[in-house]
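Containing mmCIF, C-alpha atoms: structure.cif.
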data_model
#
loop_
_atom_site.label_atom_id
_atom_site.label_comp_id
_atom_site.auth_asym_id
_atom_site.auth_seq_id
_atom_site.Cartn_x
_atom_site.Cartn_y
_atom_site.Cartn_z
CA MET A 241 -27.96 -2.44 -16.13
CA ALA A 242 -28.83 0.21 -13.55
CA SER A 243 -27.17 3.58 -14.03
CA ALA A 244 -24.44 4.68 -11.67
CA PRO A 245 -25.43 6.95 -8.77
CA GLU A 246 -24.95 10.65 -9.43
CA GLY A 247 -21.38 11.76 -8.78
CA THR A 248 -19.85 8.35 -9.50
CA THR A 249 -18.15 6.89 -12.53
CA GLY A 250 -19.84 3.50 -12.45
CA ARG A 251 -16.45 1.86 -11.88
CA TYR A 252 -15.71 0.79 -8.33
CA THR A 253 -11.99 1.40 -8.44
CA GLU A 254 -12.24 4.99 -9.63
CA ASP A 255 -14.92 5.88 -7.11
CA GLU A 256 -12.97 4.27 -4.28
CA ILE A 257 -9.84 6.19 -5.24
CA ALA A 258 -11.85 9.44 -5.19
CA SER A 259 -13.20 8.72 -1.68
CA GLN A 260 -9.78 8.70 -0.01
CA PRO A 261 -9.47 12.23 1.43
CA GLY A 262 -12.62 11.86 3.52
CA LEU A 263 -11.63 8.41 4.72
CA TRP A 264 -8.16 9.62 5.65
CA ALA A 265 -9.66 12.39 7.75
CA ARG A 266 -11.88 9.87 9.53
CA ALA A 267 -8.94 7.58 10.20
CA ALA A 268 -6.79 10.41 11.54
CA ALA A 269 -9.57 11.57 13.85
CA SER A 270 -10.31 8.09 15.20
CA ALA A 271 -6.80 6.77 15.85
CA SER A 272 -7.17 7.04 19.62
CA GLU A 273 -10.15 4.65 19.50
CA PHE A 274 -7.84 1.87 18.31
CA ALA A 275 -4.94 2.50 20.67
CA GLY A 276 -5.57 -0.79 22.47
CA ALA A 277 -5.16 -2.79 19.28
CA LEU A 278 -2.10 -1.02 17.89
CA PRO A 279 1.56 -1.34 18.91
CA ARG A 280 2.59 0.45 22.10
CA PRO A 281 5.67 2.68 22.22
CA GLY A 282 8.76 0.63 23.07
CA GLU A 283 7.42 -2.70 21.86
CA ARG A 284 9.49 -4.72 19.43
CA VAL A 285 7.00 -5.33 16.64
CA ALA A 286 6.70 -7.47 13.52
CA VAL A 287 4.14 -6.39 10.93
CA VAL A 288 2.94 -8.91 8.35
CA GLY A 289 0.66 -9.02 5.36
CA CYS A 290 0.37 -10.32 1.82
CA GLY A 291 0.55 -8.34 -1.41
CA THR A 292 -0.57 -4.75 -0.83
CA SER A 293 -0.77 -5.34 2.92
CA TRP A 294 2.89 -6.36 2.98
CA PHE A 295 3.90 -3.15 1.24
CA ILE A 296 1.85 -1.07 3.69
CA ALA A 297 3.60 -3.01 6.46
CA GLN A 298 6.96 -1.98 4.99
CA SER A 299 6.01 1.69 5.05
CA TYR A 300 4.62 1.55 8.58
CA ALA A 301 7.62 -0.35 9.91
CA ALA A 302 10.00 2.29 8.56
CA LEU A 303 7.87 5.14 9.91
CA ARG A 304 7.46 3.61 13.37
CA GLU A 305 11.13 2.90 13.84
CA ALA A 306 12.16 6.32 12.49
CA ALA A 307 9.75 7.95 14.93
CA GLY A 308 11.49 6.24 17.85
CA HIS A 309 8.59 3.99 18.84
CA GLY A 310 10.65 0.81 18.77
CA GLU A 311 12.29 -1.74 16.54
CA THR A 312 9.85 -2.72 13.80
CA ASP A 313 10.20 -5.31 11.04
CA ALA A 314 7.92 -6.07 8.09
CA PHE A 315 7.52 -9.49 6.49
CA ALA A 316 5.39 -11.22 3.92
CA ALA A 317 3.30 -13.42 6.21
CA SER A 318 4.62 -16.58 4.56
CA GLU A 319 8.23 -15.50 5.21
CA PHE A 320 8.07 -14.69 8.92
CA PRO A 321 11.26 -16.10 10.47
CA ALA A 322 10.27 -19.10 12.55
CA GLY A 323 11.42 -18.87 16.15
CA ARG A 324 12.09 -15.14 16.16
CA ARG A 325 10.42 -13.43 19.10
CA TYR A 326 8.71 -10.05 19.17
CA ASP A 327 6.62 -8.28 21.77
CA ARG A 328 3.78 -8.01 19.26
CA LEU A 329 2.76 -9.41 15.90
CA LEU A 330 0.54 -7.03 13.91
CA GLY A 331 -1.25 -8.53 10.92
CA LEU A 332 -2.78 -6.50 8.10
CA SER A 333 -5.59 -8.22 6.21
CA ARG A 334 -8.43 -6.43 4.45
CA SER A 335 -10.49 -9.60 4.10
CA GLY A 336 -9.59 -11.22 7.41
CA THR A 337 -9.39 -14.54 5.59
CA THR A 338 -5.87 -14.61 4.10
CA THR A 339 -4.47 -18.09 4.67
CA GLU A 340 -0.83 -17.17 5.33
CA VAL A 341 -1.77 -14.53 7.91
CA LEU A 342 -4.16 -16.83 9.77
CA ASP A 343 -1.64 -19.67 9.73
CA LEU A 344 1.03 -17.42 11.23
CA PHE A 345 -1.23 -16.25 14.03
CA ALA A 346 -1.97 -19.87 14.86
CA GLN A 347 1.75 -20.65 14.95
CA VAL A 348 2.66 -17.84 17.36
CA ARG A 349 -0.36 -18.11 19.63
CA GLY A 350 0.70 -17.83 23.25
CA THR A 351 4.25 -16.68 22.47
CA MET A 352 3.61 -12.98 21.83
CA ALA A 353 0.78 -10.45 21.81
CA THR A 354 -1.16 -10.39 18.54
CA SER A 355 -3.17 -7.66 16.84
CA ALA A 356 -4.71 -7.15 13.43
CA ILE A 357 -6.34 -4.49 11.30
CA THR A 358 -9.14 -5.65 9.01
CA ALA A 359 -12.18 -4.42 7.12
CA ASP A 360 -14.48 -7.29 8.04
CA PRO A 361 -15.26 -8.17 11.67
CA ASN A 362 -17.14 -11.30 10.65
CA THR A 363 -14.16 -13.32 9.46
CA PRO A 364 -11.76 -15.85 11.03
CA ILE A 365 -9.18 -13.22 11.97
CA VAL A 366 -11.46 -12.10 14.82
CA ASP A 367 -10.74 -15.30 16.72
CA ALA A 368 -7.10 -15.49 15.66
CA VAL A 369 -5.78 -12.42 17.52
CA ASP A 370 -5.81 -10.86 20.95
CA GLU A 371 -6.87 -7.40 19.76
CA LEU A 372 -8.53 -6.16 16.58
CA ALA A 373 -8.98 -2.81 14.84
CA VAL A 374 -11.84 -2.77 12.32
CA ILE A 375 -12.01 -0.04 9.68
CA ASP A 376 -14.99 -1.37 7.78
CA TYR A 377 -15.86 2.10 6.53
CA ALA A 378 -12.83 1.92 4.21
CA ASP A 379 -13.68 -1.50 2.74
CA GLU A 380 -13.91 -1.86 -1.03
CA ARG A 381 -15.92 -3.64 -3.67
CA SER A 382 -12.87 -3.72 -5.91
CA VAL A 383 -10.45 -6.61 -5.88
CA VAL A 384 -7.57 -4.15 -6.38
CA GLN A 385 -6.87 -2.38 -3.09
CA THR A 386 -6.68 1.41 -3.12
CA ARG A 387 -8.54 3.29 -0.40
CA TYR A 388 -8.43 0.56 2.23
CA ALA A 389 -4.65 0.30 2.06
CA THR A 390 -4.04 4.04 2.26
CA THR A 391 -6.63 4.59 4.99
CA GLN A 392 -5.00 1.83 7.02
CA LEU A 393 -1.63 3.55 6.70
CA MET A 394 -3.17 6.90 7.64
CA LEU A 395 -4.58 5.30 10.80
CA LEU A 396 -1.14 3.96 11.65
CA ARG A 397 0.54 7.30 10.91
CA ALA A 398 -1.96 9.07 13.15
CA HIS A 399 -1.26 6.52 15.89
CA LEU A 400 2.41 7.50 15.64
CA GLY A 401 1.43 11.09 16.39
CA GLU A 402 1.77 12.62 12.93
CA ASP A 403 -0.16 15.76 12.02
CA LEU A 404 -1.86 14.63 8.83
CA ALA A 405 -3.80 17.74 7.83
CA SER A 406 -1.43 18.57 4.97
CA ALA A 407 -1.42 14.97 3.72
CA ILE A 408 -5.22 14.98 3.57
CA ALA A 409 -5.19 18.31 1.71
CA ASP A 410 -2.62 16.88 -0.69
CA ALA A 411 -4.90 13.91 -1.38
CA GLU A 412 -7.55 16.35 -2.58
CA LYS A 413 -4.99 17.87 -4.93
CA ALA A 414 -3.92 14.45 -6.15
CA LEU A 415 -7.47 13.79 -7.33
CA THR A 416 -7.67 16.93 -9.45
CA GLU A 417 -4.14 17.59 -10.70
CA PRO A 418 -3.41 16.60 -14.30
CA LEU A 419 -1.74 13.22 -14.47
CA PRO A 420 1.89 13.11 -15.63
CA GLU A 421 1.95 12.58 -19.38
CA ALA A 422 5.29 10.82 -19.14
CA ALA A 423 3.70 8.09 -17.04
CA LEU A 424 0.55 7.81 -19.16
CA ALA A 425 2.57 7.44 -22.34
CA ALA A 426 5.39 5.27 -20.98
CA GLU A 427 6.01 1.73 -22.14
CA GLN A 428 7.55 0.91 -18.75
CA ILE A 429 7.68 2.59 -15.33
CA THR A 430 10.12 2.07 -12.47
CA TYR A 431 8.94 3.27 -9.05
CA LEU A 432 11.45 4.40 -6.45
CA GLY A 433 11.32 5.30 -2.76
CA ARG A 434 13.52 5.97 0.25
CA GLY A 435 12.80 4.95 3.83
CA TRP A 436 9.07 4.59 4.33
CA THR A 437 8.30 5.38 0.70
CA VAL A 438 9.99 2.20 -0.56
CA GLY A 439 6.79 0.41 0.44
CA LEU A 440 4.76 2.97 -1.53
CA ALA A 441 6.95 2.38 -4.59
CA ASN A 442 6.34 -1.36 -4.30
CA GLU A 443 2.60 -0.76 -3.97
CA ALA A 444 2.43 1.62 -6.94
CA ALA A 445 4.21 -0.93 -9.12
CA LEU A 446 1.78 -3.62 -7.99
CA LYS A 447 -1.24 -1.43 -8.81
CA MET A 448 -0.09 -1.02 -12.41
CA ARG A 449 0.53 -4.73 -12.77
CA GLU A 450 -2.83 -5.66 -11.24
CA ALA A 451 -5.03 -3.09 -12.95
CA ALA A 452 -3.34 -2.81 -16.34
CA ARG A 453 -1.01 -5.83 -16.69
CA PHE A 454 1.71 -3.26 -17.27
CA TRP A 455 5.48 -3.73 -16.96
CA THR A 456 6.65 -2.07 -13.76
CA GLU A 457 9.50 -2.49 -11.31
CA SER A 458 10.27 -0.93 -7.93
CA TYR A 459 13.42 -0.36 -5.92
CA PRO A 460 14.98 1.71 -3.15
CA ALA A 461 16.12 4.85 -4.94
CA MET A 462 19.80 4.52 -4.05
CA ASP A 463 19.88 0.90 -5.21
CA TYR A 464 18.27 1.72 -8.56
CA ARG A 465 21.65 2.86 -9.90
CA HIS A 466 23.18 -0.53 -9.09
CA GLY A 467 21.78 -2.29 -12.14
CA PRO A 468 18.07 -1.47 -12.62
CA ILE A 469 18.87 1.85 -14.34
CA SER A 470 19.95 -0.30 -17.29
CA ILE A 471 16.31 -0.76 -18.37
CA THR A 472 15.62 2.98 -18.41
CA GLY A 473 15.62 4.81 -21.73
CA PRO A 474 13.45 6.75 -24.17
CA GLY A 475 9.76 6.08 -23.64
CA ARG A 476 10.31 4.86 -20.08
CA ALA A 477 9.60 6.71 -16.85
CA VAL A 478 11.01 6.68 -13.33
CA TRP A 479 8.51 7.71 -10.63
CA MET A 480 10.07 8.90 -7.38
CA PHE A 481 8.07 8.98 -4.14
CA GLY A 482 9.56 11.89 -2.21
CA GLU A 483 12.72 13.83 -2.94
CA PRO A 484 15.11 12.11 -5.38
CA PRO A 485 18.67 11.51 -4.22
CA ALA A 486 21.14 14.11 -5.46
CA GLY A 487 22.03 13.62 -9.11
CA LEU A 488 19.47 10.92 -9.83
CA THR A 489 17.17 13.07 -11.98
CA GLU A 490 20.11 14.01 -14.16
CA GLN A 491 21.20 10.38 -14.45
CA VAL A 492 17.71 9.30 -15.55
CA ALA A 493 17.62 12.06 -18.14
CA GLY A 494 21.12 11.12 -19.26
CA VAL A 495 19.98 7.65 -20.32
CA GLY A 496 16.87 8.99 -22.06
CA GLY A 497 14.28 8.36 -19.34
CA THR A 498 11.86 10.79 -17.73
CA MET A 499 11.71 11.38 -13.98
CA VAL A 500 8.27 11.89 -12.44
CA THR A 501 8.25 13.69 -9.06
CA SER A 502 5.78 15.51 -6.84
CA THR A 503 5.81 17.87 -3.88
CA LEU A 504 2.72 16.18 -2.45
CA ASP A 505 2.84 14.01 0.65
CA PRO A 506 4.14 10.68 -0.70
CA LEU A 507 0.95 8.86 0.26
CA ALA A 508 -1.05 11.44 -1.71
CA ASP A 509 1.34 10.86 -4.59
CA LEU A 510 0.32 7.20 -4.40
CA VAL A 511 -3.22 8.40 -5.13
CA ARG A 512 -1.87 9.91 -8.35
CA ALA A 513 -0.22 6.60 -9.16
CA GLN A 514 -3.52 4.79 -8.57
CA ARG A 515 -5.24 7.15 -11.00
CA VAL A 516 -2.56 6.49 -13.60
CA ALA A 517 -3.02 2.74 -13.19
CA VAL A 518 -6.75 3.06 -13.86
CA GLN A 519 -6.23 5.33 -16.84
CA VAL A 520 -3.64 3.05 -18.39
CA ALA A 521 -5.93 0.06 -17.87
CA LEU A 522 -8.82 1.83 -19.61
CA THR A 523 -6.58 2.97 -22.45
CA ARG A 524 -5.52 -0.65 -22.97
CA GLY A 525 -9.14 -1.82 -23.03
CA MET A 526 -9.08 -3.42 -19.58
CA ASN A 527 -11.54 -3.16 -16.74
CA PRO A 528 -9.66 -2.24 -13.53
CA ASP A 529 -12.56 -3.62 -11.49
CA VAL A 530 -11.87 -7.10 -12.87
CA PRO A 531 -8.10 -7.69 -12.67
CA HIS A 532 -6.62 -10.69 -14.46
CA ASN A 533 -6.22 -13.88 -12.38
CA LEU A 534 -7.06 -12.15 -9.06
CA THR A 535 -9.67 -12.53 -6.35
CA ARG A 536 -10.39 -10.41 -3.28
CA SER A 537 -8.63 -12.82 -0.94
CA VAL A 538 -6.24 -15.71 -1.43
CA ILE A 539 -7.53 -18.70 0.54
CA LEU A 540 -5.43 -21.82 0.16
CA ASP A 541 -6.46 -25.41 0.72
CA ALA A 542 -5.04 -27.43 3.59
CA GLY A 543 -2.10 -28.61 1.49
CA HIS A 544 -1.24 -25.07 0.35
#

Starting from the coordinates I provided, produce the structure as structure tokens.
Amino acid sequence: MASAPEGTTGRYTEDEIASQPGLWARAAASASEFAGALPRPGERVAVVGCGTSWFIAQSYAALREAAGHGETDAFAASEFPAGRRYDRLLGLSRSGTTTEVLDLFAQVRGTMATSAITADPNTPIVDAVDELAVIDYADERSVVQTRYATTQLMLLRAHLGEDLASAIADAEKALTEPLPEAALAAEQITYLGRGWTVGLANEAALKMREAARFWTESYPAMDYRHGPISITGPGRAVWMFGEPPAGLTEQVAGVGGTMVTSTLDPLADLVRAQRVAVQVALTRGMNPDVPHNLTRSVILDAGH
């Protein structure tokens, strides 16, 4: 086996996680180049994806609507409400081959404007949409998405007019800060978010399940107290993306759990969560580059 290039770990996932700050800066600087393919202010928009792409869609939808750019909904591509009309359908698909996304674009053709963001311009999604944004520089060799997903969200945040300099600086910190021991040692982790960070919580939980086959759950932070807190206890952690609601840290401690928080930009905190997922996988003797039962893209046969 050939040795890994200098400055790399030899594991795709770890190296791709480490590349994120530079890719984020590139995405932030190039957002204007993709203005024609991204939602316009005032449009009523539906954003769809599958797996990680759906969770990124959730975060973007919350950010766009909160920024006053227009009503924005996020759906798993297979669950898009038939007959509902939007000004634009935006699809997120790293591979450009995901069956449910392509099927949906075929269903809505001619009824609304369609756009997509992808990593591969040589896939069927090119012919399925009106406008396309390609960020091939963020593509990955790993099956488990890390840098592509976050770079895509940084592009969308930049398109909304955010100043992302501090988020990019925080990503650098997220790569070097010690990882939270409570998360590394936990037997179970619950991820929480509010607003746009609910999508990040869902994505962090998915990363741990994919990379390490580890028991995780995710919820909106305020809803966590309505039942899910019952699983929290000694040896279990609660990871909050952003500022916890008042009193929640004390409630977690009161049932024996440990709250994990950060002052980093929540997307940079997701980088920390990605690192934890890789470390837990390695500790458990798993290869995060080869997740159990997963492939890069889910392509279904005609019968689905």

Residue among A:Ala426, A:Val520, A:Leu419, A:Ile257 lying closest to A:Ala451, counting only C-alpha atoms:
A:Val520

Please check which residues have atoms at most 8 Å from (-4.4, -6.3, 10.6) in the file's coordinates, counting only C-alpha atoms, and write them as a ChimeraX atom specification.
/A:289,330-334,336,355-358,372-373

With C-alpha atoms retained, write the just-selected residues as a PDB file, keeping the file's coordinate frame.
ATOM      1  CA  GLY A 289       0.660  -9.020   5.360  1.00  0.00           C
ATOM      2  CA  LEU A 330       0.540  -7.030  13.910  1.00  0.00           C
ATOM      3  CA  GLY A 331      -1.250  -8.530  10.920  1.00  0.00           C
ATOM      4  CA  LEU A 332      -2.780  -6.500   8.100  1.00  0.00           C
ATOM      5  CA  SER A 333      -5.590  -8.220   6.210  1.00  0.00           C
ATOM      6  CA  ARG A 334      -8.430  -6.430   4.450  1.00  0.00           C
ATOM      7  CA  GLY A 336      -9.590 -11.220   7.410  1.00  0.00           C
ATOM      8  CA  SER A 355      -3.170  -7.660  16.840  1.00  0.00           C
ATOM      9  CA  ALA A 356      -4.710  -7.150  13.430  1.00  0.00           C
ATOM     10  CA  ILE A 357      -6.340  -4.490  11.300  1.00  0.00           C
ATOM     11  CA  THR A 358      -9.140  -5.650   9.010  1.00  0.00           C
ATOM     12  CA  LEU A 372      -8.530  -6.160  16.580  1.00  0.00           C
ATOM     13  CA  ALA A 373      -8.980  -2.810  14.840  1.00  0.00           C
TER      14      ALA A 373
END

Would you list the contacts of A:Leu504 as a PyMOL selection string, taking every protein, DNA or RNA residue within 9 Å and counting only C-alpha atoms, but skipping same-chain residues closer than 2 positions in sequence?
chain A and resi 406-407+410-411+413-414+482+501-502+506-509

Leaving out A:Ala452 and any residue of its chain fewer than 5 positions from it, which residues lie within 7 Å of it when counting all atoms listed in the file, given as a PyMOL selection string?
chain A and resi 517+520-521+526+528

Keeping only C-alpha atoms, write those residues as a short mmCIF file (atom, residue, chain, number, x, y, z; two decimals), in the frame of the given file.
data_model
loop_
_atom_site.label_atom_id
_atom_site.label_comp_id
_atom_site.auth_asym_id
_atom_site.auth_seq_id
_atom_site.Cartn_x
_atom_site.Cartn_y
_atom_site.Cartn_z
CA ALA A 517 -3.02 2.74 -13.19
CA VAL A 520 -3.64 3.05 -18.39
CA ALA A 521 -5.93 0.06 -17.87
CA MET A 526 -9.08 -3.42 -19.58
CA PRO A 528 -9.66 -2.24 -13.53
#

So what does the PyMOL selection byres ((chain A and resi 287) around 9) actually pick up in this one, as an MDAnalysis selection string?
chainID A and resid 285:286 288:289 294 297:298 300:301 312:317 328:332

Writing C-alpha atoms and nothing else, produce stretch 413-528 of chain A as an mmCIF file, in the first residue's frame.
data_model
loop_
_atom_site.group_PDB
_atom_site.id
_atom_site.type_symbol
_atom_site.label_atom_id
_atom_site.label_comp_id
_atom_site.auth_asym_id
_atom_site.auth_seq_id
_atom_site.Cartn_x
_atom_site.Cartn_y
_atom_site.Cartn_z
ATOM 1 C CA LYS A 413 -10.176 26.477 16.161
ATOM 2 C CA ALA A 414 -12.517 23.505 15.926
ATOM 3 C CA LEU A 415 -9.749 21.495 14.270
ATOM 4 C CA THR A 416 -7.226 22.108 17.037
ATOM 5 C CA GLU A 417 -9.233 22.423 20.249
ATOM 6 C CA PRO A 418 -9.244 19.371 22.534
ATOM 7 C CA LEU A 419 -12.353 17.288 22.004
ATOM 8 C CA PRO A 420 -14.885 17.154 24.843
ATOM 9 C CA GLU A 421 -14.076 14.178 27.045
ATOM 10 C CA ALA A 422 -17.721 13.830 28.027
ATOM 11 C CA ALA A 423 -18.618 13.106 24.404
ATOM 12 C CA LEU A 424 -15.672 10.781 23.771
ATOM 13 C CA ALA A 425 -16.477 8.721 26.851
ATOM 14 C CA ALA A 426 -20.271 8.771 26.595
ATOM 15 C CA GLU A 427 -22.342 5.664 25.998
ATOM 16 C CA GLN A 428 -25.023 7.796 24.328
ATOM 17 C CA ILE A 429 -25.251 11.371 23.005
ATOM 18 C CA THR A 430 -28.307 13.520 22.357
ATOM 19 C CA TYR A 431 -27.771 16.495 20.024
ATOM 20 C CA LEU A 432 -29.906 19.604 20.377
ATOM 21 C CA GLY A 433 -30.434 22.775 18.353
ATOM 22 C CA ARG A 434 -32.699 25.794 18.038
ATOM 23 C CA GLY A 435 -33.788 27.454 14.808
ATOM 24 C CA TRP A 436 -31.236 26.788 12.101
ATOM 25 C CA THR A 437 -29.092 24.621 14.370
ATOM 26 C CA VAL A 438 -31.770 21.919 14.653
ATOM 27 C CA GLY A 439 -30.556 20.739 11.243
ATOM 28 C CA LEU A 440 -26.982 20.685 12.548
ATOM 29 C CA ALA A 441 -28.068 18.595 15.538
ATOM 30 C CA ASN A 442 -29.735 16.111 13.187
ATOM 31 C CA GLU A 443 -26.599 15.984 11.048
ATOM 32 C CA ALA A 444 -24.255 15.488 14.016
ATOM 33 C CA ALA A 445 -26.371 12.593 15.246
ATOM 34 C CA LEU A 446 -26.296 11.043 11.780
ATOM 35 C CA LYS A 447 -22.496 11.340 11.577
ATOM 36 C CA MET A 448 -22.061 9.341 14.781
ATOM 37 C CA ARG A 449 -24.473 6.674 13.592
ATOM 38 C CA GLU A 450 -22.830 6.424 10.164
ATOM 39 C CA ALA A 451 -19.190 6.525 11.205
ATOM 40 C CA ALA A 452 -19.317 4.695 14.534
ATOM 41 C CA ARG A 453 -22.679 2.869 14.681
ATOM 42 C CA PHE A 454 -23.212 4.777 17.907
ATOM 43 C CA TRP A 455 -26.511 5.455 19.706
ATOM 44 C CA THR A 456 -27.482 9.071 19.140
ATOM 45 C CA GLU A 457 -30.673 11.083 19.039
ATOM 46 C CA SER A 458 -31.457 14.672 18.066
ATOM 47 C CA TYR A 459 -34.211 17.123 18.905
ATOM 48 C CA PRO A 460 -35.137 20.798 19.041
ATOM 49 C CA ALA A 461 -33.755 21.933 22.387
ATOM 50 C CA MET A 462 -37.069 23.089 23.831
ATOM 51 C CA ASP A 463 -38.768 19.817 22.876
ATOM 52 C CA TYR A 464 -36.040 17.705 24.490
ATOM 53 C CA ARG A 465 -37.643 18.246 27.901
ATOM 54 C CA HIS A 466 -40.941 16.810 26.644
ATOM 55 C CA GLY A 467 -39.884 13.181 26.938
ATOM 56 C CA PRO A 468 -36.394 12.637 25.452
ATOM 57 C CA ILE A 469 -34.675 13.869 28.636
ATOM 58 C CA SER A 470 -35.797 10.555 30.140
ATOM 59 C CA ILE A 471 -32.885 8.739 28.463
ATOM 60 C CA THR A 472 -30.277 11.120 29.884
ATOM 61 C CA GLY A 473 -28.268 10.050 32.912
ATOM 62 C CA PRO A 474 -24.767 9.214 34.139
ATOM 63 C CA GLY A 475 -22.426 8.369 31.284
ATOM 64 C CA ARG A 476 -24.604 10.142 28.727
ATOM 65 C CA ALA A 477 -24.029 13.517 27.109
ATOM 66 C CA VAL A 478 -26.213 16.256 25.655
ATOM 67 C CA TRP A 479 -24.525 18.331 22.939
ATOM 68 C CA MET A 480 -26.078 21.744 22.327
ATOM 69 C CA PHE A 481 -25.460 23.652 19.093
ATOM 70 C CA GLY A 482 -25.620 27.298 20.126
ATOM 71 C CA GLU A 483 -26.798 28.768 23.408
ATOM 72 C CA PRO A 484 -28.856 26.376 25.566
ATOM 73 C CA PRO A 485 -32.308 27.516 26.645
ATOM 74 C CA ALA A 486 -32.428 28.935 30.160
ATOM 75 C CA GLY A 487 -32.287 26.228 32.804
ATOM 76 C CA LEU A 488 -31.547 23.344 30.449
ATOM 77 C CA THR A 489 -27.921 22.840 31.516
ATOM 78 C CA GLU A 490 -29.040 22.565 35.115
ATOM 79 C CA GLN A 491 -31.783 20.106 34.193
ATOM 80 C CA VAL A 492 -29.320 17.876 32.315
ATOM 81 C CA ALA A 493 -26.948 17.932 35.276
ATOM 82 C CA GLY A 494 -29.851 17.224 37.612
ATOM 83 C CA VAL A 495 -30.538 13.877 35.949
ATOM 84 C CA GLY A 496 -26.854 12.927 35.880
ATOM 85 C CA GLY A 497 -26.011 13.869 32.285
ATOM 86 C CA THR A 498 -23.280 16.157 30.987
ATOM 87 C CA MET A 499 -23.988 19.157 28.761
ATOM 88 C CA VAL A 500 -21.494 19.873 25.972
ATOM 89 C CA THR A 501 -21.523 23.459 24.648
ATOM 90 C CA SER A 502 -19.285 25.750 22.633
ATOM 91 C CA THR A 503 -18.918 29.447 21.876
ATOM 92 C CA LEU A 504 -17.865 28.646 18.305
ATOM 93 C CA ASP A 505 -20.097 29.356 15.330
ATOM 94 C CA PRO A 506 -22.519 26.409 15.372
ATOM 95 C CA LEU A 507 -21.324 25.175 11.984
ATOM 96 C CA ALA A 508 -17.756 25.154 13.314
ATOM 97 C CA ASP A 509 -19.055 23.229 16.308
ATOM 98 C CA LEU A 510 -20.322 20.647 13.816
ATOM 99 C CA VAL A 511 -16.686 20.225 12.770
ATOM 100 C CA ARG A 512 -15.927 19.282 16.379
ATOM 101 C CA ALA A 513 -18.778 16.792 16.282
ATOM 102 C CA GLN A 514 -17.378 15.291 13.070
ATOM 103 C CA ARG A 515 -14.008 14.847 14.763
ATOM 104 C CA VAL A 516 -15.664 13.133 17.711
ATOM 105 C CA ALA A 517 -17.488 10.757 15.358
ATOM 106 C CA VAL A 518 -14.202 9.739 13.738
ATOM 107 C CA GLN A 519 -12.448 9.311 17.069
ATOM 108 C CA VAL A 520 -15.249 7.198 18.505
ATOM 109 C CA ALA A 521 -15.258 5.048 15.367
ATOM 110 C CA LEU A 522 -11.509 4.441 15.631
ATOM 111 C CA THR A 523 -11.763 3.690 19.344
ATOM 112 C CA ARG A 524 -14.409 1.080 18.562
ATOM 113 C CA GLY A 525 -12.215 -0.512 15.899
ATOM 114 C CA MET A 526 -14.197 0.818 12.930
ATOM 115 C CA ASN A 527 -13.001 2.480 9.762
ATOM 116 C CA PRO A 528 -14.937 5.741 9.246
#
